[in-house]
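Note sheet for the following structure.
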Amino acid sequence: MLITINGQGMEVALDPRTSLLDLLREHLELHGTKKGCDQGACGACTVLADGERILSCLALAVQYEGRSISTVEGLADDGRLHPLQQAFIDHDGFQCGYCTPGQICSAIGMAAEIGRGVPSAVTADLAATTIPPTRDELRERMSGNLCRCGAHNGIIDAITEIYSAEAAE
Amino acid sequence: MTTIRDAAQKLMQTAIGLAPERWLPGGTPDPLIGRHGAIGSSVPRIDGPRKVKGEARFAAEVPAGNMVYAALVYSTIARGRIATLDTDATQAVPGVVLVMTYRNAPRMAPPALFMSDPRAAGASSLPVMQDDTIHWNGEPIAVILAETQEQADHAATLVRVTYTKETASTSFDAATAQAHRPDSVLGEPAVIEIGNAEAALAEAAHQIDRTYHTPRHSHAAIEPHAATVWWEADGRLVVHDATQMLNGTRWTLAGIFGLKEEQIRILSPFVGGGFGGKTLWNHQILAIAASRLSGRPVRVSLSREGVFRVSGGRTTTRQRVALGARADGTLSALIHTGIAAMTAYNNCPEQFSFPARHLYAADSFKLEQKVADLDMVANTFMRAPGESIGTFALESAIDELADSMGLDPIELRRRIEPVKDPTSGHAFSARHLLDAYARGAERFGWSARNPTPRARREGEWLIGMGVATATYPYYRMPGGAARITLTREGQARVAMASHEMGMGTATVQVQAAADRLGLPIAHVTFAYGDTALPPGTIAGGSSQTASIAAAVTAASEKLVPALLKLVGNDSPLAGLRAGDVEARDGGLGHRSLPERFESYASILSRANRDEISAEAEAPMPLEVQKYAMHSYGAQFCEVRVNAVTGETRISRFLGSFDAGRVLNPRTAASQFRGGIIMGLGLALTEETLFDARTGRIMNPSLADYHVPVHLDVPQIDVIWTDSPDPHAPLGAHGIGEIGITGVGAAVANAVYNATGRRIRDLPITLDKLL
Amino acid sequence: MTPFSYARAGDAATATGLGMAEGAKYLGGGTNLVDLMRETIERPDRLVDVTGLSRMIAERDDGSLMIGAAVRNTAVAEHQAVRERYPVLARAILSGASGQIRNMATVGGNILQRTRCAYFYDDAARCNKRVPGAGCDAIDGFNRTHAILGASPACVATHPSDMCVALAALGAVVHLENTAGARTLPLVDLHRLPMGRPEVETLLEPGELITAIELPPLPWAVRSTYRKVRDRASYAFALVSVAAVLDRSGDGMVRDVRLALGGVAHKPWRAFAAEAALRGRPASEACFRAAAEAELADAAPLRDNGFKIELARRTIVAVLNELAGETA
């Protein structure tokens with residue numbers, strides 16, 4: 001089947017059991033996407049499928065034929081870090097670094113969701129079409145990404161820096 | 001465990017023979033303690049770019065040609081024997097390369113139990129897959145190797161096994177009836193009695209006598225335990241592991257497989273969270289054995305369930321704290337006793353009574369730990385073993401006493417602040433706990449707290465504030481050595497087989513080495529995570545920073561004379577001795593004559609050398625024999641408890657720490673916060689469910705074992721006294737574990753203040769507050 | 001995971017043709033099924049991927065809303081009509097799982113997700129759902145999260161969906177199709193109580209596929225909400241949840257009400273008894289409490305979950321109070 005990974009189309013032959021996560025890690029040597037639980041409970045495997053954040057561990061790769069997948073390896077532009085990657089460093093938004101790619105990919109997908117007005121469980125006014133990226137909104141929306149080192153504050157700080165500025169523009 | 005005491009004594013006897021060193025009385029103070037340079041700067045993590053780009057390569061990501069994938073099968077009973085074992089269907093699965101069970105596993109010696117020898121790393125001393133005996137529910141009984149993970153996983157589900165069950169001890173409540181004192185608790189006595197505490201308690205004007213329960217906890221590092229292993233053609237073994245014990249793992253594996261240490265290389269440059277859990281368990285041993293049988297490199301990456309089955313966590317405890325106080329709050333009696341669940345084949349009694357040995361003054365003490373033997377996966381060290389849950393009990397009881405006396409809980413602690421260590425009598429090397437309290441109280445707005453429970457409410461939410469003491473010992477581990485290599489370009493490479501699991505090891509050690517050598521940090525690298533380097537010590541007990549720093553200091557003290565030997569008569573340094581010079585500005589210079597200076601580059605090029613190396617072992621940690629050395633903190637918490645549903649949410653948190661000199665405020669703040677957040681999980685949501693009927697862990701998943709999520713974590717304020725400990729290398733204490741201590745009690749005390757309900761049974765879930 | 005074949009269906013006819021085969025299962029976002037397959041609790045021979053089927057949300061002239069079964073959970077929650085006209089549904093969906101999972105999970109798959117009972121998940125345990133007749137280890141085990149209503153000696157598991165609780169309250173209708181034809185079923189009738197056969201969780205016929213969900217026109221559902229009580233602040237299953245729609249008249253009486261509970265039973269629990277007790281009664285806390293009592297009169301606690309009875313009572317009252325305040 002044909003699948004696009006970080007802008008590059010590739011032909012892969014797969015066991016239908018292979019998850020998108022294992023396709024990336026074990027077949028394409030793209031280890032940036034992490035396996036934390038393999039059961040949809042930690043968010044470490046978050047990638048973007050056509051811009052939407054999903055859990056690659058619960059995604060059978062065959063279901064993503066023809067789709068465009070972005071992983072952490074595709075974020076840096078010509079060696080220059082994505083602004084959110086830099087913000088994670090600046091705000092010390094990680095310690096061991098294992099949940100980090102998932103946090104970053106999730107945040108990028110999340111920002112797009114806020115941008116198009118998707119509400120969250122903490123949004124007071126469901127009818128509102130613009131939702132300010134408050135700390136509570138970000139914390140709720142990032143709750144699918146576990147961090148055990150306890151870098152939560154730095155992660156939200158980094159996301160706030162990048163996407164609050166964007167929202168203000 | 002007499003072996004441990006013996007080993008510790010042997011180490012100390014060896015050490016006594018050494019010259020007194022700089023951190024002891026009479027030693028020369030470390031010149032770096034007072035100097036501000038790279039140390040103390042908020043240097044960003046030097047491995048940051050690799051981590052945010054996903055380029056940091058973890059153990060399950062190391063490529064190996066012709067590699068096969070492992071899947072494990074776990075027992076479903078706690079004790080007994082395998083009666084029948086049918087692997088025919090498993091063997092028949094396409095892609096299966098090997099099915100290993102006790103029938104064909106190679107003969108292996110049992111792992112040397114951690115602390116049975118200073119180099120031992122075994123989490124348990126049980127033999128691994130050597131016969132049909134089952135020792136715990138979840139013990140691996142088969143290893144499947146296949147060409148793909150999918151094949152191995154599927155084949156593993158086809159193993160058919162029946163058991164002959166034997167009566168197992170799987171109920172903590174039942175086992176406590178036979179609880180017994182361990183020979184020692186990490187080399188300390190299991191019992192300390194000073195005076196007659198029970199009698200003093202009975203006579204005290206104010207008494208608190210409570211029982212507290214703490215559940216099992218799981219480290220739940222996001223990276224599952226994993227290893228990629230292979231045997232070289234010449235019989236050498238390569239293990240890419242996720243470990244906090246590189247050299248211990250190597251020594252222990254050598255024993256298991258009958259190898260020389262030199263035949264084994266362990267690499268572990270990145271560990272995706274450890275917290276005490278990333279040590280030597282069955283999975284590495286089985287992968288190595290299966291690799292030997294199959295002749296193929298093996299990757300074992302435990303499933304999340306496998307992590308819970310194969311590696312133990314923090315054990316459960318029942319603790320009694322009883323306090324007898326006079327009218328002025330001073331303590332006539334301090335009793336902290338209890339029982340922890342353990343196994344007969346490990347040695348981790350969860351030192352919950354340790355805080356009470358060092359925190360407060362009292363006339364009499366009764367401190368006793370017992371263990372109850374269960375048939376379960378060996379429990380192990382998890383972030384602040386003992387102190388995390390010991391402070392829950394002790395600091396809850398202190399709060400209960402203060403409340404019953406109508407005293408502010410901080411004021412009570414002022415009145416029971418000791419002048420020397422209350423049980424050992426040693427002087428404190430550094431203790432600024434009351435200062436931490438004062439700063440914390442000021443910043444948190446403690447004075448606004450209403451001491452009357454249930455007095456503050458906003459809508460459905462009851463609001464309360466609580467406080468508790470944090471404490472964790474200073475440890476420095478012996479046996480580590482560092483190598484410093486200076487190059488003609490004026491670069492330094494520091495090397496030691498140490499560990500990075502998120503603490504910022506390389507970053508901080510580059511900072512320290514830069515100041516030690518008088519170099520800018522850009523000119524220093526720190527190599528670690530590989531047993532090919534000089535031996536490191538464990539990343540445990542918050543000891544690694546000090547352990548490395550002491551070794552690097554020792555190496556630098558060897559390097560300087562070696563450099564001076566190189567200088568010729570033309571050098572401005574000619575004729576100077578090591579004691580005359582200091583490292584500065586990329587070279588050595590006379591301590592008081594600025595013009596007598598020569599750069600490393602100049603020394604080496606003049607001597608026609610490309611580089612110079614010095615390697616030295618750290619001196620024995622004698623400072624801990626002389627002083628009571630601990631870190632402290634004051635944990636301030638504001639909670640909101642929903643009056644309708646009982647849900648507890650943390651609205652504010654401040655940790656005010658007294659943990660020696662802070663080497664890197666950025667990474668230190670993260671360490672403190674990380675500990676606090678794990679403490680919030682301990683307080684509110686975390687519990688490994690161990691089914692007493694079967695000895696089986698029933699929530700082996702991150703969906704059901706609830707670590708805090710982003711929405712559970714408020715902005716956490718951390719401050720510190722930044723007071724150097726003159727008796728510790730760099731003046732610093734390790735800070736990886738102090739953060740979690742006291743948090744459980746701070747939350748519970750805040751919940752009491754909010755609701756009037758005292759929860760003595762963790763976690764504080766909403767059903768306990770309805 | 002047991003080996004299986006994979007086929008993608010572009011329309012319902014193709015899907016049901018493939019889905020009729022013995023051992024076939026429909027695959028939506030995979031967020032529950034793939035996990036269960038990895039645990040080998042589910043071992044289908046064939047997966048029929050139905051995510052290519054209708055992803056439309058259509059507002060119909062009669063005011064009802066048709067939601068295609070393959071619509072992603074996020075798409076439902078962000079749809080303006082859902083947010084404005086059925087806020088209880090948007091809130092319920094947004095309280096479930098995580099952003100990533102909501103982006104994957106389909107409406108049909110959400111409805112058919114299976115229990116999170118730990119003994120169901122653990123093949124070392126006895127579970128009548130997994131192995132009919134094996135027994136139930138949850139009844140005397142860890143059952144803090146288990147059912148207080150409608151359970152049986154054979155099974156005390158709960159249905160984990162949030163979305164379904166809102167759908168139950170709204171009186172949603174499920175559109176079904178197999179090769180034999182199409183039919184509809186009220187959502188509250190789709191899921192079964194366990195009784196003696198907990199392995200049969202729905203009234204779906206062999207090969208039957210959920211093709212759409214129909215939300216009836218319910219103009220007063222603009223006053224509706226969902227409250228989920230759980231151990232973590234987010235990303236955890238409900239201990240108790242309440243979906244409520246309240247129509248209060250000008251004189252402070254309950255003109256109509258819809259109430260459903262989550263986390264308490266083997267199915268999304270429509271609180272018919274409470275509704276009956278409320279209709280035509282004052283919209284007062286006392287009446288809300290009496291209605292909750294009526295609903296929970298038959299609640300039966302297990303070892304660890306007795307708190308759910310009080311929690312459900314309190315949450316029902318609080319949610320109705322909130323809605324009554326809103327409509328005032």
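Following the order of the structure tokens, first chain is A, next is B, and so on, with residues numbered from 1 inside each chain and ligands from 1 in the order they appear.
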
Residues of chain B were defined as contacting chain C if any atom lay at most 6 Å from it, counting only C-alpha atoms; please report them as a CSV table (one decimal) with all heavy atoms, in the first residue's frame.
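And here's out-v2.csv as it stands now:
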chain,number,residue,atom,x,y,z
B,76,THR,N,-0.3,-17.4,35.7
B,76,THR,CA,-1.6,-16.9,36.1
B,76,THR,C,-1.9,-17.4,37.5
B,76,THR,O,-3.1,-17.2,38.0
B,76,THR,CB,-2.8,-17.3,35.2
B,76,THR,OG1,-2.8,-18.8,35.1
B,76,THR,CG2,-2.6,-16.7,33.8
B,154,HIS,N,1.3,-13.1,19.0
B,154,HIS,CA,0.3,-14.0,18.7
B,154,HIS,C,0.7,-15.4,19.2
B,154,HIS,O,-0.1,-16.1,19.8
B,154,HIS,CB,0.0,-14.0,17.2
B,154,HIS,CG,-0.9,-15.2,16.7
B,154,HIS,ND1,-2.1,-15.4,17.3
B,154,HIS,CD2,-0.7,-16.1,15.8
B,154,HIS,CE1,-2.6,-16.5,16.8
B,154,HIS,NE2,-1.8,-17.0,15.9
B,711,LEU,N,-4.6,18.0,33.3
B,711,LEU,CA,-5.6,18.8,34.0
B,711,LEU,C,-5.6,18.6,35.6
B,711,LEU,O,-6.1,19.4,36.3
B,711,LEU,CB,-7.0,18.4,33.5
B,711,LEU,CG,-8.2,19.4,33.9
B,711,LEU,CD1,-7.9,20.8,33.4
B,711,LEU,CD2,-9.5,19.0,33.3
B,712,ASP,N,-4.9,17.6,36.0
B,712,ASP,CA,-4.7,17.4,37.5
B,712,ASP,C,-3.6,18.3,38.0
B,712,ASP,O,-3.4,18.3,39.2
B,712,ASP,CB,-4.4,15.9,37.8
B,712,ASP,CG,-5.5,15.0,37.5
B,712,ASP,OD1,-6.6,15.2,38.0
B,712,ASP,OD2,-5.3,14.0,36.7
B,767,ASP,N,-14.7,8.6,46.9
B,767,ASP,CA,-15.6,7.8,47.8
B,767,ASP,C,-15.3,7.9,49.2
B,767,ASP,O,-16.2,7.7,50.1
B,767,ASP,CB,-15.5,6.3,47.3
B,767,ASP,CG,-14.1,5.9,47.0
B,767,ASP,OD1,-13.4,6.6,46.3
B,767,ASP,OD2,-13.7,4.8,47.6

Handout entry: Interface residues on chain B facing chain A, 8 Å, only C-alpha atoms, written as an MDAnalysis selection string
Key = chainID B and resid 44:45 48:49 51:57 61 150 220:224 270:273 303:304 500:504 666:667 670:671 673:678 701:703 707:711 713:716

Atoms to include: C-alpha atoms. Write the selected residues as an mmCIF file, in the first residue's frame.
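The result, written out as result25.cif:
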data_model
loop_
_atom_site.group_PDB
_atom_site.id
_atom_site.type_symbol
_atom_site.label_atom_id
_atom_site.label_comp_id
_atom_site.auth_asym_id
_atom_site.auth_seq_id
_atom_site.Cartn_x
_atom_site.Cartn_y
_atom_site.Cartn_z
ATOM 1 C CA PRO B 44 19.199 24.397 28.908
ATOM 2 C CA ARG B 45 19.476 20.625 28.628
ATOM 3 C CA GLY B 48 17.229 18.889 24.482
ATOM 4 C CA PRO B 49 17.403 19.159 20.685
ATOM 5 C CA LYS B 51 14.828 14.753 22.593
ATOM 6 C CA VAL B 52 12.448 17.213 20.980
ATOM 7 C CA LYS B 53 13.365 15.938 17.540
ATOM 8 C CA GLY B 54 12.780 12.324 18.536
ATOM 9 C CA GLU B 55 16.414 11.526 17.875
ATOM 10 C CA ALA B 56 17.294 10.283 21.341
ATOM 11 C CA ARG B 57 17.579 6.546 20.836
ATOM 12 C CA GLU B 61 15.223 1.454 19.194
ATOM 13 C CA GLU B 150 3.081 -9.436 15.755
ATOM 14 C CA ALA B 220 4.702 3.865 35.403
ATOM 15 C CA ALA B 221 7.596 5.332 33.451
ATOM 16 C CA ILE B 222 6.251 6.072 29.999
ATOM 17 C CA GLU B 223 8.999 4.037 28.363
ATOM 18 C CA PRO B 224 8.236 0.367 29.007
ATOM 19 C CA PHE B 270 18.680 7.402 27.462
ATOM 20 C CA VAL B 271 16.166 5.988 29.880
ATOM 21 C CA GLY B 272 12.550 6.951 29.377
ATOM 22 C CA GLY B 273 11.850 7.445 33.034
ATOM 23 C CA SER B 303 3.973 -4.729 26.984
ATOM 24 C CA ARG B 304 2.487 -2.365 29.521
ATOM 25 C CA GLU B 500 20.344 9.973 32.175
ATOM 26 C CA MET B 501 16.664 9.389 32.854
ATOM 27 C CA GLY B 502 15.605 12.984 32.709
ATOM 28 C CA MET B 503 17.577 14.443 35.557
ATOM 29 C CA GLY B 504 19.793 16.435 33.230
ATOM 30 C CA ARG B 666 16.085 25.145 35.349
ATOM 31 C CA THR B 667 16.579 21.414 35.653
ATOM 32 C CA SER B 670 11.818 20.445 36.975
ATOM 33 C CA GLN B 671 13.091 17.761 39.321
ATOM 34 C CA ARG B 673 8.106 19.736 40.325
ATOM 35 C CA GLY B 674 8.331 16.221 38.954
ATOM 36 C CA GLY B 675 8.587 14.803 42.442
ATOM 37 C CA ILE B 676 5.679 16.900 43.629
ATOM 38 C CA ILE B 677 3.506 15.792 40.729
ATOM 39 C CA MET B 678 4.231 12.151 41.406
ATOM 40 C CA SER B 701 -2.487 -0.518 32.391
ATOM 41 C CA LEU B 702 -2.095 3.214 32.192
ATOM 42 C CA ALA B 703 -5.837 3.509 31.662
ATOM 43 C CA VAL B 707 -1.039 8.876 37.071
ATOM 44 C CA PRO B 708 -1.858 12.592 37.069
ATOM 45 C CA VAL B 709 -2.838 14.081 33.720
ATOM 46 C CA HIS B 710 -2.296 17.668 32.647
ATOM 47 C CA LEU B 711 -5.634 18.798 34.049
ATOM 48 C CA VAL B 713 -1.549 19.458 37.605
ATOM 49 C CA PRO B 714 -1.756 23.141 38.540
ATOM 50 C CA GLN B 715 1.105 25.550 38.170
ATOM 51 C CA ILE B 716 3.548 24.439 40.808
#

Practice task
Give me, as an MDAnalysis selection string, the contact residues of chain A against chain C at a cut-off of 6 Å, counting only C-alpha atoms.
Solution key: chainID A and resid 39 53:55 58 118 120:121 126:127 144

Selected residues written out, N, CA and C atoms, as a compact mmCIF listing (two decimals), in the first residue's frame:
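File out-v1.txt, as written:
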# COMPACT_ATOMS: atom_id res chain seq x y z
N GLN A 39 -1.92 0.76 24.04
CA GLN A 39 -3.32 0.51 24.29
C GLN A 39 -4.14 1.80 24.41
N ARG A 53 -4.53 14.95 15.09
CA ARG A 53 -3.76 14.11 16.00
C ARG A 53 -4.51 12.81 16.27
N ILE A 54 -3.79 11.72 16.18
CA ILE A 54 -4.36 10.40 16.46
C ILE A 54 -3.33 9.58 17.24
N LEU A 55 -3.79 8.46 17.76
CA LEU A 55 -2.89 7.53 18.44
C LEU A 55 -2.49 6.44 17.46
N LEU A 58 -3.24 2.56 18.20
CA LEU A 58 -4.57 1.97 18.00
C LEU A 58 -4.97 2.02 16.53
N VAL A 118 -13.08 23.99 17.88
CA VAL A 118 -13.57 22.78 18.55
C VAL A 118 -13.60 23.05 20.05
N SER A 120 -14.01 22.10 24.20
CA SER A 120 -13.48 21.03 25.04
C SER A 120 -14.40 20.87 26.25
N ALA A 121 -14.05 19.90 27.08
CA ALA A 121 -14.86 19.63 28.27
C ALA A 121 -14.87 20.81 29.24
N LEU A 126 -20.44 26.55 24.89
CA LEU A 126 -20.27 25.62 23.77
C LEU A 126 -20.56 26.28 22.43
N ALA A 127 -21.39 27.30 22.44
CA ALA A 127 -21.78 27.92 21.18
C ALA A 127 -20.70 28.87 20.65
N GLY A 144 -4.63 13.85 27.28
CA GLY A 144 -4.41 12.52 26.70
C GLY A 144 -2.94 12.18 26.52

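Residue neighbourhood of Ile139 (chain C), excluding near-sequence residues (fewer than 3 positions): C:Cys136, C:Asn143, C:Val156, C:Leu302, at 7 Å, using only C-alpha atoms.
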
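Those residues in region 45-191 of chain C carrying a DSSP assignment of strand (DSSP E or B), computed from the backbone, are Arg46, Leu47, Val48, Asp49, Ile57, Ala58, Glu59, Leu65, Met66, Ile67, Gly68, Arg72, Thr106, Leu149, Ser152, Cys155, Val173, Val174, His175, Leu176, Glu177, Asn178, Gly181, Ala182, Arg183, Thr184, Leu185, Pro186 and His191 of chain C.
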
Problem - Separation of CA of Val321 (chain B) from CA of Asn749 (chain B), in Å and rounded to one decimal - result: 15.3 Å

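For the residues B:Leu374, B:Ser169, B:His336, B:Phe526, ranking by smallest atom-to-atom distance to His499 (chain B) using only C-alpha atoms places B:Phe526 first.
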